[in-house]
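J.: Data file work15.cif (mmCIF, C-alpha atoms) is appended below.
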data_input
loop_
_atom_site.label_atom_id
_atom_site.label_comp_id
_atom_site.auth_asym_id
_atom_site.auth_seq_id
_atom_site.Cartn_x
_atom_site.Cartn_y
_atom_site.Cartn_z
CA MET A 627 20.96 29.53 -41.81
CA SER A 628 17.84 31.33 -40.58
CA ILE A 629 17.96 34.95 -39.42
CA ASN A 630 16.47 33.80 -36.10
CA LYS A 631 19.42 31.52 -35.44
CA ILE A 632 22.26 34.02 -35.74
CA GLU A 633 24.56 33.92 -32.74
CA LEU A 634 26.49 37.04 -31.81
CA ASN A 635 29.63 36.78 -29.72
CA ASN A 636 30.46 39.29 -26.99
CA VAL A 637 32.96 41.23 -29.11
CA LEU A 638 30.47 41.67 -31.95
CA VAL A 639 27.72 42.83 -29.56
CA ALA A 640 30.15 45.30 -27.92
CA ASN A 641 31.05 46.70 -31.37
CA LEU A 642 27.39 46.99 -32.38
CA TYR A 643 26.48 48.80 -29.16
CA PRO A 644 29.44 50.95 -28.10
CA SER A 645 27.29 52.77 -25.53
CA THR A 646 25.64 50.92 -22.70
CA LEU A 647 22.15 49.60 -23.35
CA ILE A 648 20.88 50.85 -19.98
CA ASN A 649 22.45 53.91 -18.46
CA GLU A 650 22.88 54.39 -14.72
CA VAL A 651 19.90 56.77 -14.40
CA GLU A 652 17.59 54.22 -16.02
CA LYS A 653 18.95 51.52 -13.69
CA ASP A 654 18.20 53.70 -10.65
CA GLU A 655 14.69 54.41 -11.94
CA ALA A 656 14.10 50.71 -12.58
CA LYS A 657 15.12 49.96 -8.99
CA LYS A 658 12.69 52.60 -7.72
CA ASP A 659 9.91 51.15 -9.88
CA ASN A 660 10.53 47.67 -8.49
CA LYS A 661 10.41 48.92 -4.89
CA THR A 662 7.39 47.58 -3.07
CA ASP A 663 4.94 50.41 -2.49
CA LEU A 664 1.38 50.15 -1.26
CA ASN A 665 0.20 53.00 -3.46
CA THR A 666 1.74 52.00 -6.78
CA ASN A 667 1.97 48.22 -6.57
CA ASN A 668 -1.16 46.67 -8.05
CA THR A 669 0.04 43.19 -7.08
CA LEU A 670 -0.13 43.85 -3.36
CA LYS A 671 -0.05 40.53 -1.53
CA TYR A 672 -2.91 40.18 0.90
CA LEU A 673 -5.50 37.57 1.79
CA GLY A 674 -9.23 38.16 1.95
CA ASN A 675 -11.73 40.33 0.12
CA ASN A 676 -11.97 43.19 2.64
CA LYS A 677 -15.78 43.34 2.41
CA LYS A 678 -16.09 44.91 5.88
CA ASN A 679 -13.01 47.17 5.69
CA ILE A 680 -11.17 45.36 8.45
CA LEU A 681 -7.41 45.10 8.12
CA ILE A 682 -5.35 42.61 10.09
CA ALA A 683 -1.65 43.38 9.83
CA VAL A 684 0.79 40.70 10.93
CA GLN A 685 4.57 40.56 11.10
CA ASN A 686 6.11 37.35 9.78
CA LYS A 687 9.56 37.09 8.21
CA GLU A 688 9.28 33.46 7.12
CA PHE A 689 5.96 33.34 5.24
CA THR A 690 4.19 35.48 2.67
CA HIS A 691 1.27 35.81 5.07
CA LEU A 692 1.13 33.32 7.93
CA PRO A 693 2.02 29.70 8.63
CA ASP A 694 -0.93 27.31 8.25
CA LYS A 695 -1.28 26.83 12.01
CA ASP A 696 -1.60 30.59 12.63
CA LEU A 697 -3.94 31.01 9.67
CA SER A 698 -6.16 28.26 11.04
CA PHE A 699 -6.19 29.91 14.48
CA LEU A 700 -7.04 33.25 12.86
CA GLY A 701 -9.89 31.54 11.00
CA ASN A 702 -11.27 30.29 14.33
CA ILE A 703 -11.02 33.79 15.81
CA LEU A 704 -12.82 35.29 12.81
CA THR A 705 -15.57 32.66 13.05
CA ALA A 706 -16.05 33.48 16.74
CA CYS A 707 -16.41 37.14 15.71
CA ARG A 708 -18.96 36.19 13.02
CA LEU A 709 -16.46 37.10 10.31
CA SER A 710 -14.50 35.27 7.64
CA LEU A 711 -11.48 35.89 5.40
CA ASP A 712 -13.99 37.34 2.95
CA ASP A 713 -14.66 40.20 5.39
CA ILE A 714 -11.06 41.17 6.11
CA ALA A 715 -7.76 41.94 4.43
CA LEU A 716 -4.74 40.18 5.91
CA ILE A 717 -1.39 41.74 5.12
CA ASN A 718 2.11 40.85 6.24
CA GLN A 719 3.67 44.17 7.16
CA ASN A 720 7.10 42.56 6.85
CA ASN A 721 6.60 42.69 3.06
CA TYR A 722 5.98 46.45 3.24
CA PRO A 723 8.31 47.77 5.97
CA GLU A 724 7.96 51.40 4.89
CA ALA A 725 4.15 51.32 4.82
CA THR A 726 2.34 53.63 7.21
CA TYR A 727 -1.12 53.60 8.72
CA LYS A 728 -2.07 56.21 6.10
CA ASP A 729 -1.06 53.81 3.32
CA PHE A 730 -3.17 51.06 4.89
CA ILE A 731 -6.21 53.31 5.24
CA GLU A 732 -5.87 54.63 1.70
CA LYS A 733 -5.39 51.20 0.13
CA PHE A 734 -8.00 49.30 2.15
CA GLN A 735 -10.40 52.03 3.34
CA SER A 736 -9.97 50.44 6.75
CA GLU A 737 -12.37 51.27 9.55
CA LYS A 738 -10.77 48.80 11.95
CA ILE A 739 -7.12 47.78 12.02
CA ILE A 740 -5.75 44.97 14.17
CA LEU A 741 -1.98 45.04 14.61
CA MET A 742 -0.56 41.63 15.46
CA SER A 743 2.95 41.90 16.90
CA ILE A 744 3.37 45.35 15.34
CA GLU A 745 4.18 48.40 17.43
CA PRO A 746 1.73 51.20 16.52
CA THR A 747 4.50 53.78 16.16
CA SER A 748 6.34 51.54 13.67
CA ILE A 749 3.61 52.22 11.09
CA GLY A 750 3.73 55.95 11.74
CA LEU A 751 0.92 56.30 14.25
CA PRO A 752 1.67 59.32 16.43
CA ILE A 753 0.33 57.48 19.47
CA SER A 754 1.40 54.40 21.34
CA PHE A 755 -1.00 52.16 23.20
CA PRO A 756 -0.74 48.82 25.00
CA HIS A 757 -1.93 45.47 23.76
CA PHE A 758 -5.68 44.86 23.96
CA GLN A 759 -6.59 48.53 24.24
CA ILE A 760 -8.90 49.74 21.50
CA GLN A 761 -7.62 53.09 20.33
CA ALA A 762 -9.55 55.44 18.05
CA PHE A 763 -7.51 57.72 15.84
CA SER A 764 -8.50 59.57 12.67
CA ASN A 765 -11.87 57.75 12.38
CA VAL A 766 -10.25 54.31 12.60
CA SER A 767 -10.35 51.89 15.54
CA TYR A 768 -7.02 50.22 16.26
CA LEU A 769 -6.32 47.15 18.35
CA SER A 770 -2.81 45.99 19.14
CA ALA A 771 -2.09 42.40 20.14
CA PRO A 772 0.77 39.91 20.36
CA ALA A 773 1.49 37.46 17.54
CA LEU A 774 -1.10 34.78 16.84
CA ALA A 775 1.25 31.96 17.93
CA GLU A 776 1.78 33.71 21.26
CA LEU A 777 -1.97 34.20 21.76
CA GLU A 778 -2.77 30.60 20.90
CA ASN A 779 -0.42 29.25 23.55
CA ASP A 780 -1.38 31.56 26.41
CA GLN A 781 -4.91 31.37 27.86
CA LYS A 782 -4.61 34.72 29.70
CA LEU A 783 -3.55 36.56 26.55
CA LYS A 784 -6.22 34.79 24.52
CA ALA A 785 -8.92 35.81 27.03
CA SER A 786 -7.74 39.44 26.98
CA PHE A 787 -7.74 39.44 23.18
CA TRP A 788 -11.24 37.97 23.06
CA THR A 789 -12.52 40.64 25.47
CA SER A 790 -11.09 43.35 23.21
CA LEU A 791 -12.52 41.75 20.07
CA LYS A 792 -15.97 41.64 21.63
CA LYS A 793 -15.78 45.38 22.24
CA LEU A 794 -14.32 46.12 18.82
CA PHE A 795 -17.00 44.17 16.96
CA ASN A 796 -19.88 44.79 19.38
CA LEU A 797 -20.37 41.08 20.13
#
Using the file provided, produce a representation of the structure as structure tokens.
T.:
Amino acid sequence: MSINKIELNNVLVANLYPSTLINEVEKDEAKKDNKTDLNTNNTLKYLGNNKKNILIAVQNKEFTHLPDKDLSFLGNILTACRLSLDDIALINQNNYPEATYKDFIEKFQSEKIILMSIEPTSIGLPISFPHFQIQAFSNVSYLSAPALAELENDQKLKASFWTSLKKLFNL
């Protein structure tokens, strides 16, 4: 019998290790370490390369980022704005519910932030503003808008969003 093939039953393991292998404090610390945090998590899930420091934050509970239909619509919007996924960072705020606008700015060095179906105050902004209004705060331009699926299906909303995008990107 090889030393690598020794099987230990539960009683033998319990006798070999009378104390717990992981104490409660270590368990609590492990939970804290596994908590999703924009500042400490190097595996932050976002799409794009953020070459122009533009953040688009969406809210979607069912997908990591967006469903294919919404992502395709977003691609069309970006093309109309002479941008691509290479120029932006797309993040699903649902994955980071405790993240604030300060976290976003620090992580992405954002100069422009578009909030899709996200209330500005829910990310800690001390101001509230209506959809389609460009709002400057702390050297960042913010634009709030409804969800992409809602925009795609409503011509009036889409036209209002396009008007705001033209102002935001000087088109």
J.: Suppose you want the space between atom CA of Leu692 of chain A and atom CA of Asn718 of chain A; what is it in Å?
T.: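 Straight-line distance from atom CA of Leu692 of chain A to atom CA of Asn718 of chain A works out to 7.8 Å.
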J.: Rounded to one decimal place, report the atom CA of Ile680 of chain A-atom CA of Ser770 of chain A distance in Å.
T.: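 Separation of atom CA of Ile680 of chain A and atom CA of Ser770 of chain A: 13.6 Å.
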J.: Using all atoms listed in the file for the distances, tell me which of A:Thr690, A:Ser736, A:Ser698, A:Asn720 is nearest to Lys678 of chain A.
T.: A:Ser736
J.: Can you give me, as a ChimeraX atom specification, the residues this file yields under the PyMOL selection byres ((chain A and resi 702-716) around 8)?
T.: /A:672-684,691,698-701,717-718,734,791-792,795,797
J.: Run the PyMOL selection byres ((chain A and resi 771) around 7) mentally over the shown coordinates, then write out the matched residues as an MDAnalysis selection string, using the chain letters and numbers from the document.
T.: chainID A and resid 741:743 757:758 769:770 772:773
J.: Anything within 10 Å of (0.8, 55.1, 11.6): list those residues as a PyMOL selection string, counting all atoms listed in the file and sticking to the file's coordinates.
T.: chain A and resi 725-731+745-754+763
J.: To test your reading of the syntax: which residues would the PyMOL selection byres ((chain A and resi 768) around 6) return for the file shown? Reply as a list in words.
T.: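 Taken over the shown coordinates, the PyMOL selection byres ((chain A and resi 768) around 6) returns Lys738, Ile739, Ile740, Ile760, Gln761, Ser767 and Leu769 of chain A.
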J.: Could you check how far atom CA of Val766 of chain A sits from atom CA of Thr789 of chain A, in Å to one decimal?
T.: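 One can read the atom CA of Val766 of chain A to atom CA of Thr789 of chain A distance as 18.9 Å.
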J.: Can you work out which one of A:Leu774, A:Glu724, A:Ile632, A:Glu737 has the shortest atom-to-atom distance to Asn686 of chain A, counting all atoms listed in the file?
T.: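 Smallest distance to Asn686 of chain A is found for A:Leu774.
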